[in-house]
Amino acid sequence: MKKIAILTSGGDAPGMNASIRACVRRALNFGLEVYGVERGYEGLVHNEIFKMDTHSVCDIIQRGGTILKSARCLEFKKPETRKIAADNLKKLGIEGLVVIGGDGSFTGAKLLSDEHGINIVGIPGTIDNDLAYTDYTLGFDTAVNTALWAINALRDTMTSHDRVSIIKVMGRHCGDIALYSGICGGAEFILVPEVPYDIQEVAAAIKQNAERGKMSNIIVFAEGAGNENELKTVLQVIAHSDVKVTTIGHIQRGGAPSMADRMLAARFGARAIDVLLAGLTNRVVGIKGNEVFDMDLTEALSMKKVFRKDLYDIASTLC
Ligand code: ADP
Ligand code: F6P
């Protein structure tokens, strides 16, 4: 293995830049030639591949987003498109590819490896924390801290006006951002796709809170948990609450990565390069119990994410 490339794919996540930096510096220090691919698989197909040196990754460790840019490339699901991408890598003599992204990006990477013999390794980069095989994905910690900042600010104003606050957070089908930010923000209710809930029961509980003088409640509402406006209407009718809905949105995807995400980026990046140097392919890196590991990509993707119901149950006893 002499030449490798790096790309970021799917939704960006804070810490992607720090992991690009880690990959580039480690690879250069071990004598590899390094290339960056712009705009994920889209750029791979359109040959947007450039040589990187140590200066290419100066001053990015603290920046959110990704200097390589990211994209969603539906064409990559077609075998003929992947052939074009593989040919572009082969023309430059690139044998190894680091893919920083989520499960969709990993699926594309596996096909590139199986069909065209490119050695690939995946670094889990998504704010959603929706990959079963790893405790944490890159960007999750920062996104939760951003959500927490918003919850704190909303709590100030909502308490002053005796209001109920529904705070919608990201996560696609995964409730982890809601769970972690809800617990750490002291939310009265955390609504996630993994745990069924009854709107009428939530309204009854909020009504009961009001009757004992607690007018202000924080409800952290996961993106995949249903319709926040329907909940608002029911709360207004049943509990007579003054309800405000706030969607934090893409703010969660940006910003300087936290210490935890920068550390993950450094450790994941270093491990990914070691995997390629060992001549392995179809691997992903992850973390369990603060130990970084790598494992087979197919096996990793076949695992089913287990929701931390134990944490969810703790939350309901703390308010
Ligand atoms: P994430 O990687 O965060 O899960 P997406 O699911 O949007 O994000 O996937 C990112 C990109 O990975 C897609 O735009 C596409 O280029 C590629 N991809 C996703 N699924 C597949 C698939 N089944 N086959 C080939 N490429 C895929
Ligand atoms: O996967 C990350 C994520 O931010 C999800 O939480 C969200 O559902 C989605 O991406 C938003 O995607 P887009 O940036 O394309 O709107």
# chains A, B, ... in the order shown; residues from 1 in each chain; ligands from 1
$ closest_atom_pairs --of "chain A" --to "ligand 1" --cutoff "8 Å" --atoms "only C-alpha atoms and all ligand atoms" --output "JSON lines"
{"residue": "A:Ser9", "atom": "CA", "partner": "ligand 1", "partner_atom_place_in_ligand_line": "10 (C)", "distance": 5.3}
{"residue": "A:Gly10", "atom": "CA", "partner": "ligand 1", "partner_atom_place_in_ligand_line": "8 (O)", "distance": 3.6}
{"residue": "A:Gly11", "atom": "CA", "partner": "ligand 1", "partner_atom_place_in_ligand_line": "3 (O)", "distance": 5.1}
{"residue": "A:Asp12", "atom": "CA", "partner": "ligand 1", "partner_atom_place_in_ligand_line": "3 (O)", "distance": 7.8}
{"residue": "A:Gly40", "atom": "CA", "partner": "ligand 1", "partner_atom_place_in_ligand_line": "16 (O)", "distance": 7.4}
{"residue": "A:Tyr41", "atom": "CA", "partner": "ligand 1", "partner_atom_place_in_ligand_line": "16 (O)", "distance": 5.4}
{"residue": "A:Glu42", "atom": "CA", "partner": "ligand 1", "partner_atom_place_in_ligand_line": "16 (O)", "distance": 7.0}
{"residue": "A:Ala71", "atom": "CA", "partner": "ligand 1", "partner_atom_place_in_ligand_line": "14 (O)", "distance": 6.3}
{"residue": "A:Arg72", "atom": "CA", "partner": "ligand 1", "partner_atom_place_in_ligand_line": "14 (O)", "distance": 3.1}
{"residue": "A:Cys73", "atom": "CA", "partner": "ligand 1", "partner_atom_place_in_ligand_line": "16 (O)", "distance": 3.6}
{"residue": "A:Leu74", "atom": "CA", "partner": "ligand 1", "partner_atom_place_in_ligand_line": "14 (O)", "distance": 5.0}
{"residue": "A:Glu75", "atom": "CA", "partner": "ligand 1", "partner_atom_place_in_ligand_line": "16 (O)", "distance": 6.7}
{"residue": "A:Phe76", "atom": "CA", "partner": "ligand 1", "partner_atom_place_in_ligand_line": "26 (N)", "distance": 4.8}
{"residue": "A:Lys77", "atom": "CA", "partner": "ligand 1", "partner_atom_place_in_ligand_line": "25 (C)", "distance": 3.7}
{"residue": "A:Lys78", "atom": "CA", "partner": "ligand 1", "partner_atom_place_in_ligand_line": "25 (C)", "distance": 7.0}
{"residue": "A:Gly101", "atom": "CA", "partner": "ligand 1", "partner_atom_place_in_ligand_line": "2 (O)", "distance": 4.5}
{"residue": "A:Gly102", "atom": "CA", "partner": "ligand 1", "partner_atom_place_in_ligand_line": "2 (O)", "distance": 3.3}
{"residue": "A:Asp103", "atom": "CA", "partner": "ligand 1", "partner_atom_place_in_ligand_line": "4 (O)", "distance": 4.2}
{"residue": "A:Gly104", "atom": "CA", "partner": "ligand 1", "partner_atom_place_in_ligand_line": "19 (C)", "distance": 3.5}
{"residue": "A:Ser105", "atom": "CA", "partner": "ligand 1", "partner_atom_place_in_ligand_line": "12 (O)", "distance": 3.5}
{"residue": "A:Phe106", "atom": "CA", "partner": "ligand 1", "partner_atom_place_in_ligand_line": "2 (O)", "distance": 6.4}
{"residue": "A:Thr107", "atom": "CA", "partner": "ligand 1", "partner_atom_place_in_ligand_line": "21 (C)", "distance": 5.2}
{"residue": "A:Gly108", "atom": "CA", "partner": "ligand 1", "partner_atom_place_in_ligand_line": "26 (N)", "distance": 3.4}
{"residue": "A:Ala109", "atom": "CA", "partner": "ligand 1", "partner_atom_place_in_ligand_line": "26 (N)", "distance": 7.2}
{"residue": "A:Leu111", "atom": "CA", "partner": "ligand 1", "partner_atom_place_in_ligand_line": "25 (C)", "distance": 6.7}
{"residue": "A:Gly125", "atom": "CA", "partner": "ligand 1", "partner_atom_place_in_ligand_line": "3 (O)", "distance": 7.3}
{"residue": "A:Thr126", "atom": "CA", "partner": "ligand 1", "partner_atom_place_in_ligand_line": "3 (O)", "distance": 5.9}
$ write_last_selection --atoms "N, CA and C atoms" --output "PDB file, in the first residue's frame"
ATOM      1  N   SER A   9     -18.686  11.574   3.537  1.00  0.00           N
ATOM      2  CA  SER A   9     -19.918  11.284   2.790  1.00  0.00           C
ATOM      3  C   SER A   9     -21.129  11.317   3.713  1.00  0.00           C
ATOM      4  N   GLY A  10     -22.304  11.608   3.143  1.00  0.00           N
ATOM      5  CA  GLY A  10     -23.527  11.705   3.948  1.00  0.00           C
ATOM      6  C   GLY A  10     -23.552  13.036   4.691  1.00  0.00           C
ATOM      7  N   GLY A  11     -24.366  13.124   5.741  1.00  0.00           N
ATOM      8  CA  GLY A  11     -24.432  14.374   6.510  1.00  0.00           C
ATOM      9  C   GLY A  11     -23.102  14.662   7.188  1.00  0.00           C
ATOM     10  N   ASP A  12     -22.648  15.910   7.148  1.00  0.00           N
ATOM     11  CA  ASP A  12     -21.374  16.218   7.811  1.00  0.00           C
ATOM     12  C   ASP A  12     -21.551  16.137   9.334  1.00  0.00           C
ATOM     13  N   GLY A  40     -17.531  13.641  -1.440  1.00  0.00           N
ATOM     14  CA  GLY A  40     -17.888  12.230  -1.250  1.00  0.00           C
ATOM     15  C   GLY A  40     -17.838  11.428  -2.544  1.00  0.00           C
ATOM     16  N   TYR A  41     -18.790  10.520  -2.689  1.00  0.00           N
ATOM     17  CA  TYR A  41     -18.800   9.656  -3.883  1.00  0.00           C
ATOM     18  C   TYR A  41     -19.067  10.459  -5.159  1.00  0.00           C
ATOM     19  N   GLU A  42     -19.758  11.567  -5.006  1.00  0.00           N
ATOM     20  CA  GLU A  42     -20.021  12.442  -6.163  1.00  0.00           C
ATOM     21  C   GLU A  42     -18.681  12.881  -6.778  1.00  0.00           C
ATOM     22  N   ALA A  71     -21.496  15.047   0.236  1.00  0.00           N
ATOM     23  CA  ALA A  71     -22.641  15.053  -0.688  1.00  0.00           C
ATOM     24  C   ALA A  71     -23.378  13.736  -0.564  1.00  0.00           C
ATOM     25  N   ARG A  72     -24.594  13.738  -1.061  1.00  0.00           N
ATOM     26  CA  ARG A  72     -25.323  12.481  -1.192  1.00  0.00           C
ATOM     27  C   ARG A  72     -25.392  12.181  -2.682  1.00  0.00           C
ATOM     28  N   CYS A  73     -24.865  11.002  -3.075  1.00  0.00           N
ATOM     29  CA  CYS A  73     -24.749  10.662  -4.501  1.00  0.00           C
ATOM     30  C   CYS A  73     -25.557   9.404  -4.778  1.00  0.00           C
ATOM     31  N   LEU A  74     -26.793   9.584  -5.208  1.00  0.00           N
ATOM     32  CA  LEU A  74     -27.676   8.431  -5.420  1.00  0.00           C
ATOM     33  C   LEU A  74     -27.191   7.549  -6.570  1.00  0.00           C
ATOM     34  N   GLU A  75     -26.509   8.171  -7.545  1.00  0.00           N
ATOM     35  CA  GLU A  75     -25.975   7.437  -8.699  1.00  0.00           C
ATOM     36  C   GLU A  75     -25.007   6.334  -8.281  1.00  0.00           C
ATOM     37  N   PHE A  76     -24.421   6.504  -7.078  1.00  0.00           N
ATOM     38  CA  PHE A  76     -23.415   5.548  -6.624  1.00  0.00           C
ATOM     39  C   PHE A  76     -24.031   4.175  -6.343  1.00  0.00           C
ATOM     40  N   LYS A  77     -25.342   4.123  -6.274  1.00  0.00           N
ATOM     41  CA  LYS A  77     -26.007   2.832  -6.056  1.00  0.00           C
ATOM     42  C   LYS A  77     -25.973   1.972  -7.324  1.00  0.00           C
ATOM     43  N   LYS A  78     -25.568   2.579  -8.451  1.00  0.00           N
ATOM     44  CA  LYS A  78     -25.512   1.820  -9.712  1.00  0.00           C
ATOM     45  C   LYS A  78     -24.100   1.262  -9.911  1.00  0.00           C
ATOM     46  N   GLY A 101     -18.212   8.501   7.286  1.00  0.00           N
ATOM     47  CA  GLY A 101     -19.640   8.714   7.059  1.00  0.00           C
ATOM     48  C   GLY A 101     -20.469   7.742   7.880  1.00  0.00           C
ATOM     49  N   GLY A 102     -21.723   7.571   7.469  1.00  0.00           N
ATOM     50  CA  GLY A 102     -22.619   6.687   8.205  1.00  0.00           C
ATOM     51  C   GLY A 102     -22.839   5.368   7.477  1.00  0.00           C
ATOM     52  N   ASP A 103     -23.908   4.660   7.825  1.00  0.00           N
ATOM     53  CA  ASP A 103     -24.107   3.309   7.279  1.00  0.00           C
ATOM     54  C   ASP A 103     -24.292   3.307   5.769  1.00  0.00           C
ATOM     55  N   GLY A 104     -24.953   4.338   5.214  1.00  0.00           N
ATOM     56  CA  GLY A 104     -25.117   4.404   3.767  1.00  0.00           C
ATOM     57  C   GLY A 104     -23.760   4.503   3.081  1.00  0.00           C
ATOM     58  N   SER A 105     -22.908   5.356   3.605  1.00  0.00           N
ATOM     59  CA  SER A 105     -21.568   5.533   3.038  1.00  0.00           C
ATOM     60  C   SER A 105     -20.760   4.241   3.142  1.00  0.00           C
ATOM     61  N   PHE A 106     -20.935   3.531   4.243  1.00  0.00           N
ATOM     62  CA  PHE A 106     -20.201   2.266   4.429  1.00  0.00           C
ATOM     63  C   PHE A 106     -20.681   1.209   3.426  1.00  0.00           C
ATOM     64  N   THR A 107     -21.985   1.219   3.147  1.00  0.00           N
ATOM     65  CA  THR A 107     -22.530   0.252   2.182  1.00  0.00           C
ATOM     66  C   THR A 107     -21.913   0.502   0.798  1.00  0.00           C
ATOM     67  N   GLY A 108     -21.832   1.769   0.423  1.00  0.00           N
ATOM     68  CA  GLY A 108     -21.206   2.115  -0.856  1.00  0.00           C
ATOM     69  C   GLY A 108     -19.743   1.689  -0.883  1.00  0.00           C
ATOM     70  N   ALA A 109     -19.055   1.883   0.230  1.00  0.00           N
ATOM     71  CA  ALA A 109     -17.628   1.539   0.319  1.00  0.00           C
ATOM     72  C   ALA A 109     -17.428   0.038   0.160  1.00  0.00           C
ATOM     73  N   LEU A 111     -19.257  -2.058  -1.452  1.00  0.00           N
ATOM     74  CA  LEU A 111     -19.469  -2.456  -2.856  1.00  0.00           C
ATOM     75  C   LEU A 111     -18.233  -2.126  -3.695  1.00  0.00           C
ATOM     76  N   GLY A 125     -18.857   8.613  11.059  1.00  0.00           N
ATOM     77  CA  GLY A 125     -19.002  10.066  11.210  1.00  0.00           C
ATOM     78  C   GLY A 125     -20.445  10.456  10.951  1.00  0.00           C
ATOM     79  N   THR A 126     -21.199  10.651  11.996  1.00  0.00           N
ATOM     80  CA  THR A 126     -22.591  11.122  11.891  1.00  0.00           C
ATOM     81  C   THR A 126     -23.031  11.593  13.272  1.00  0.00           C
TER      82      THR A 126
END
$ select_by_dssp --residues "range 71-298 of chain A" --states "strand (DSSP E)" --output "count of residues only"
44
$ residues_near_ligand --ligand "ligand 2" --cutoff "9 Å" --atoms "only C-alpha atoms and all ligand atoms" --output "list of chain:residue names"
A:Gly10, A:Gly11, A:Asp12, A:Ala13, A:Ala71, A:Arg72, A:Gly102, A:Thr126, A:Ile127, A:Asp128, A:Asn129, A:Asp130, A:Val169, A:Met170, A:Gly171, A:Arg172, A:His173, A:Cys174, A:Ile177, A:Glu223, A:Gly224, A:Gly249, A:His250, A:Gln252, A:Arg253
$ closest_atom_pairs --of "range 98-164 of chain A" --to "range 18-27 of chain A" --cutoff "9 Å" --atoms "only C-alpha atoms" --output "CSV"
residue,atom,partner,partner_atom,distance
A:Val98,CA,A:Cys23,CA,8.3
A:Ile100,CA,A:Ser19,CA,8.4
A:Ile123,CA,A:Ser19,CA,8.5
A:Leu138,CA,A:Ser19,CA,8.8
$ write_last_selection --atoms "C-alpha atoms" --output "compact mmCIF listing (two decimals), in the first residue's frame"
# COMPACT_ATOMS: atom_id res chain seq x y z
CA VAL A 98 -10.87 5.92 4.09
CA ILE A 100 -15.85 8.91 6.86
CA ILE A 123 -14.76 5.85 10.19
CA LEU A 138 -17.92 11.16 15.47
$ residues_around --residues "Val234 in chain A" --least-positions-apart "3" --cutoff "12 Å" --atoms "only C-alpha atoms" --output "PyMOL selection string"
chain A and resi 198-204+206-207+227-231+237-243
$ closest_residue --among "A:Thr246, A:Glu80, A:Leu235, A:Gly226" --to "Ala147 in chain A" --atoms "only C-alpha atoms"
A:Thr246
$ atom_distance --atom1 "CA of Lys305 in chain A" --atom2 "CA of Tyr136 in chain A"
11.5 Å
$ closest_residue --among "A:Lys244, A:Asp135, A:Asp162, A:Leu179" --to "Asn290 in chain A" --atoms "only C-alpha atoms"
A:Asp135
$ atom_distance --atom1 "CA of Ala256 in chain A" --atom2 "CA of Thr137 in chain A"
15.8 Å
$ closest_residue --among "A:Gly117, A:Gly213, A:Pro257, A:Gly43" --to "Thr146 in chain A" --atoms "only C-alpha atoms"
A:Pro257
